[in-house]
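*Asks:* This is the structure, below, for whatever I ask next.
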Amino acid sequence: MQKDDDEPYITLSDDDLDALEDEIPLLKGVRAFAEAATRIPWFVAAGEPLDRETKNAARLYLDALGFPDVDVARVADWSDAADAAASYDYDTAQWEAEEGLRASLASEALEHISEDALAIALTHVSALLAERVGAAVREAAELNGIDDEELMNAAAGAAVQAAHGVALTLIAEAGEDHPFRTKFAIFARGHWPIGVAGLTFNIL
């Protein structure tokens, strides 16, 4: 889910990216998405009540993923988020469902671009977002008196992985109602969709 800390990101110059996009136009959309994603309000609404748009995105995500009986629940603070994240680690149904979707999207993406181009696209997303997301997590955690490095890393990793999911949908030309898009919409509203545990979808 996260890169090894000893493994540097591969960075490309703007000229390199322009040349690649001329060859593979689908990557223009990924680049535009990644640049826009650096400007969303990461984690600023964590712990706040879930508004209607967030609840609707969560419901769409759950229904499309195959969890119509799971309820959406607000996690009120970062301390409770640690418990919710631990519960998610033990309940793998959501993870398995997402992995199936991710594998399917990757196969579809490789019908449009090469494996190398796909790796470059996802690496570019990580390179643009990792620092921004990491800083946003730390700021939100510090405001709430949290110094749990493992929890902060989990939140940042989930955010970057969610962005990777959207990038895959763009390359595979999946619809806007794809679960990875609706899940990312929750992040875009400043929350952290931690995960499904039992019959509860926990959102910070």
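Chain identifiers are assigned as A, B, and so on, following the order in which chains appear in the structure tokens; residues are numbered from 1 within each chain, and ligands are numbered from 1 in order of appearance.
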Can you list, as a ChimeraX atom specification, all residues belonging to chain A that DSSP tags as helix (DSSP H, G or I)?

*Replies:* /A:14-23,26-37,52-65,78-90,93-109,115-143,149-172,179-188

*Asks:* Give me, as JSON lines, the closest atom pair and its distance (Å, one decimal) for every residue of range 84-164 of chain A within a cut-off of 9 Å of range 44-65 of chain A, counting only C-alpha atoms, rows sorted by chain and rising number.

*Replies:*
{"residue": "A:Gln94", "atom": "CA", "partner": "A:Leu65", "partner_atom": "CA", "distance": 8.0}
{"residue": "A:Ala97", "atom": "CA", "partner": "A:Leu65", "partner_atom": "CA", "distance": 6.8}
{"residue": "A:Glu98", "atom": "CA", "partner": "A:Leu65", "partner_atom": "CA", "distance": 7.6}
{"residue": "A:Leu101", "atom": "CA", "partner": "A:Leu65", "partner_atom": "CA", "distance": 8.7}
{"residue": "A:Ala136", "atom": "CA", "partner": "A:Val44", "partner_atom": "CA", "distance": 7.9}
{"residue": "A:Val137", "atom": "CA", "partner": "A:Val44", "partner_atom": "CA", "distance": 8.9}
{"residue": "A:Ala140", "atom": "CA", "partner": "A:Val44", "partner_atom": "CA", "distance": 6.7}

*Asks:* Mind writing the picked residues with all heavy atoms as an mmCIF file, in the first residue's frame?

*Replies:*
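File written: selection01.cif
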data_model
loop_
_atom_site.group_PDB
_atom_site.id
_atom_site.type_symbol
_atom_site.label_atom_id
_atom_site.label_comp_id
_atom_site.auth_asym_id
_atom_site.auth_seq_id
_atom_site.Cartn_x
_atom_site.Cartn_y
_atom_site.Cartn_z
ATOM 1 N N GLN A 94 -13.617 -6.165 2.892
ATOM 2 C CA GLN A 94 -13.535 -4.980 2.045
ATOM 3 C C GLN A 94 -12.233 -4.967 1.260
ATOM 4 O O GLN A 94 -12.216 -4.666 0.065
ATOM 5 C CB GLN A 94 -13.658 -3.717 2.899
ATOM 6 C CG GLN A 94 -13.525 -2.427 2.092
ATOM 7 C CD GLN A 94 -13.289 -1.207 2.971
ATOM 8 O OE1 GLN A 94 -13.222 -1.310 4.193
ATOM 9 N NE2 GLN A 94 -13.163 -0.047 2.348
ATOM 10 N N ALA A 97 -12.413 -7.333 -1.604
ATOM 11 C CA ALA A 97 -13.267 -6.822 -2.676
ATOM 12 C C ALA A 97 -12.542 -5.746 -3.481
ATOM 13 O O ALA A 97 -12.598 -5.730 -4.717
ATOM 14 C CB ALA A 97 -14.565 -6.257 -2.091
ATOM 15 N N GLU A 98 -11.839 -4.866 -2.778
ATOM 16 C CA GLU A 98 -11.098 -3.812 -3.480
ATOM 17 C C GLU A 98 -9.948 -4.385 -4.298
ATOM 18 O O GLU A 98 -9.664 -3.906 -5.402
ATOM 19 C CB GLU A 98 -10.571 -2.779 -2.487
ATOM 20 C CG GLU A 98 -11.636 -1.832 -1.949
ATOM 21 C CD GLU A 98 -11.033 -0.589 -1.345
ATOM 22 O OE1 GLU A 98 -9.794 -0.528 -1.182
ATOM 23 O OE2 GLU A 98 -11.811 0.337 -1.027
ATOM 24 N N LEU A 101 -11.220 -5.584 -7.548
ATOM 25 C CA LEU A 101 -11.470 -4.467 -8.462
ATOM 26 C C LEU A 101 -10.160 -3.897 -8.996
ATOM 27 O O LEU A 101 -10.054 -3.572 -10.187
ATOM 28 C CB LEU A 101 -12.242 -3.358 -7.738
ATOM 29 C CG LEU A 101 -13.706 -3.636 -7.405
ATOM 30 C CD1 LEU A 101 -14.285 -2.464 -6.624
ATOM 31 C CD2 LEU A 101 -14.521 -3.863 -8.679
ATOM 32 N N ALA A 136 -0.632 17.020 5.650
ATOM 33 C CA ALA A 136 -2.017 17.234 6.077
ATOM 34 C C ALA A 136 -2.388 16.308 7.234
ATOM 35 O O ALA A 136 -3.057 16.726 8.184
ATOM 36 C CB ALA A 136 -2.962 17.004 4.897
ATOM 37 N N VAL A 137 -1.943 15.054 7.170
ATOM 38 C CA VAL A 137 -2.211 14.111 8.251
ATOM 39 C C VAL A 137 -1.562 14.587 9.539
ATOM 40 O O VAL A 137 -2.192 14.593 10.617
ATOM 41 C CB VAL A 137 -1.683 12.703 7.893
ATOM 42 C CG1 VAL A 137 -1.703 11.800 9.114
ATOM 43 C CG2 VAL A 137 -2.526 12.090 6.792
ATOM 44 N N ALA A 140 -3.389 17.605 11.043
ATOM 45 C CA ALA A 140 -4.658 17.222 11.666
ATOM 46 C C ALA A 140 -4.425 16.469 12.967
ATOM 47 O O ALA A 140 -5.128 16.694 13.967
ATOM 48 C CB ALA A 140 -5.475 16.370 10.697
#

*Asks:* Using only C-alpha atoms, which of A:Ala34, A:Ala106, A:Ala82, A:Ile40 sits nearest Ala172 in chain A?

*Replies:* A:Ala106

*Asks:* At what distance in Å, to one decimal, does CA of Glu150 in chain A lie from CA of Pro179 in chain A?

*Replies:*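 CA of Pro179 in chain A sits 26.1 Å away from CA of Glu150 in chain A.
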
*Asks:* Taking only C-alpha atoms into account, which of A:Gly165, A:Gly134, A:Gly157, A:Gly100 comes nearest Leu122 in chain A?

*Replies:*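 The answer is A:Gly165, which sits nearest to Leu122 in chain A.
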
*Asks:* Measuring between only C-alpha atoms, which one of A:Ile120, A:Ala81, A:Ala76, A:Ala185 shows the shortest distance to Trp42 in chain A?

*Replies:*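 Of A:Ile120, A:Ala81, A:Ala76, A:Ala185, the one nearest Trp42 in chain A, counting only C-alpha atoms, is A:Ala185.
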
*Asks:* Give me the residues near Ile203 in chain A as a ChimeraX atom specification, where near means some atom within 8 Å (using only C-alpha atoms) and where sequence neighbours in that chain fewer than 4 positions away do not count.

*Replies:* /A:72-75,191-195

*Asks:* Filtering to C-alpha atoms, could you give me those residues as a compact mmCIF listing (two decimals), in the first residue's frame?

*Replies:*
# COMPACT_ATOMS: atom_id res chain seq x y z
CA VAL A 72 -22.11 4.27 7.56
CA ALA A 73 -20.77 5.40 10.93
CA ARG A 74 -18.86 8.49 12.02
CA VAL A 75 -15.66 8.06 14.02
CA HIS A 191 -12.66 12.76 5.83
CA TRP A 192 -10.83 9.44 6.14
CA PRO A 193 -12.90 6.40 5.11
CA ILE A 194 -11.11 4.00 7.42
CA GLY A 195 -12.86 0.82 6.42

*Asks:* For a quick check of understanding, using only C-alpha atoms, which of A:Ser87, A:Ser79, A:Thr200, A:Gln161 has the smallest distance to Val125 in chain A?

*Replies:*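 Distance minimum relative to Val125 in chain A lands on A:Gln161.
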
*Asks:* In terms of the shortest atom-to-atom distance over only C-alpha atoms, which of A:Ala93, A:Ala103, A:Ala130, A:Ala86 is closest to Gly66 in chain A?

*Replies:* A:Ala93

*Asks:* Could you name the residues that touch Leu170 in chain A at 10 Å or less, counting only C-alpha atoms, but leaving out those on the same chain fewer than 6 positions away, as a PDB file with N, CA and C atoms, in the first residue's frame?

*Replies:*
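Ended up saving to part.pdb:
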ATOM      1  N   LEU A  26      -4.166   9.135 -22.666  1.00  0.00           N
ATOM      2  CA  LEU A  26      -4.884   8.817 -21.438  1.00  0.00           C
ATOM      3  C   LEU A  26      -4.168   9.349 -20.198  1.00  0.00           C
ATOM      4  N   LEU A  27      -2.834   9.469 -20.284  1.00  0.00           N
ATOM      5  CA  LEU A  27      -2.081   9.900 -19.116  1.00  0.00           C
ATOM      6  C   LEU A  27      -2.277  11.386 -18.816  1.00  0.00           C
ATOM      7  N   LYS A  28      -2.788  12.145 -19.769  1.00  0.00           N
ATOM      8  CA  LYS A  28      -3.088  13.557 -19.500  1.00  0.00           C
ATOM      9  C   LYS A  28      -4.111  13.679 -18.379  1.00  0.00           C
ATOM     10  N   GLY A  29      -5.121  12.811 -18.420  1.00  0.00           N
ATOM     11  CA  GLY A  29      -6.149  12.843 -17.394  1.00  0.00           C
ATOM     12  C   GLY A  29      -5.598  12.493 -16.019  1.00  0.00           C
ATOM     13  N   VAL A  30      -4.667  11.539 -15.974  1.00  0.00           N
ATOM     14  CA  VAL A  30      -4.056  11.153 -14.700  1.00  0.00           C
ATOM     15  C   VAL A  30      -3.246  12.305 -14.136  1.00  0.00           C
ATOM     16  N   PHE A  33      -5.595  14.957 -12.833  1.00  0.00           N
ATOM     17  CA  PHE A  33      -6.201  14.513 -11.576  1.00  0.00           C
ATOM     18  C   PHE A  33      -5.225  14.662 -10.422  1.00  0.00           C
ATOM     19  N   LEU A 105      -9.105  -3.595 -12.875  1.00  0.00           N
ATOM     20  CA  LEU A 105      -8.770  -2.307 -13.496  1.00  0.00           C
ATOM     21  C   LEU A 105      -7.370  -2.326 -14.102  1.00  0.00           C
ATOM     22  N   ALA A 109      -6.465  -1.499 -17.784  1.00  0.00           N
ATOM     23  CA  ALA A 109      -5.539  -0.403 -18.071  1.00  0.00           C
ATOM     24  C   ALA A 109      -4.439  -0.862 -19.023  1.00  0.00           C
ATOM     25  N   HIS A 164      -4.421   6.325  -6.257  1.00  0.00           N
ATOM     26  CA  HIS A 164      -4.014   5.325  -7.249  1.00  0.00           C
ATOM     27  C   HIS A 164      -5.243   4.655  -7.868  1.00  0.00           C
ATOM     28  N   GLU A 176     -17.750   7.029 -13.813  1.00  0.00           N
ATOM     29  CA  GLU A 176     -17.607   7.895 -12.651  1.00  0.00           C
ATOM     30  C   GLU A 176     -18.250   7.299 -11.404  1.00  0.00           C
ATOM     31  N   ARG A 181     -13.906   5.784  -7.290  1.00  0.00           N
ATOM     32  CA  ARG A 181     -14.200   7.210  -7.433  1.00  0.00           C
ATOM     33  C   ARG A 181     -15.025   7.713  -6.246  1.00  0.00           C
TER      34      ARG A 181
END

*Asks:* Using only C-alpha atoms, which of A:Ala127, A:Val133, A:Gly145, A:Arg102 sits nearest Leu168 in chain A?

*Replies:* A:Arg102

*Asks:* For CA of Phe187 in chain A and CA of Ala119 in chain A, determine how far apart the two atoms are, in Å to one decimal place.

*Replies:*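 Atom-to-atom, CA of Phe187 in chain A and CA of Ala119 in chain A are spaced 23.2 Å apart.
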
*Asks:* Based on the backbone DSSP call, show me all residues of range 9-202 of chain A assigned strand (DSSP E or B), as JSON, numbers by chain.

*Replies:* {"A": [71, 72, 73, 74, 193, 194, 195, 196, 197, 200, 201, 202]}

*Asks:* Find the distance between CA of Phe201 in chain A and CA of Glu96 in chain A and write it in Å to one decimal.

*Replies:* 15.1 Å
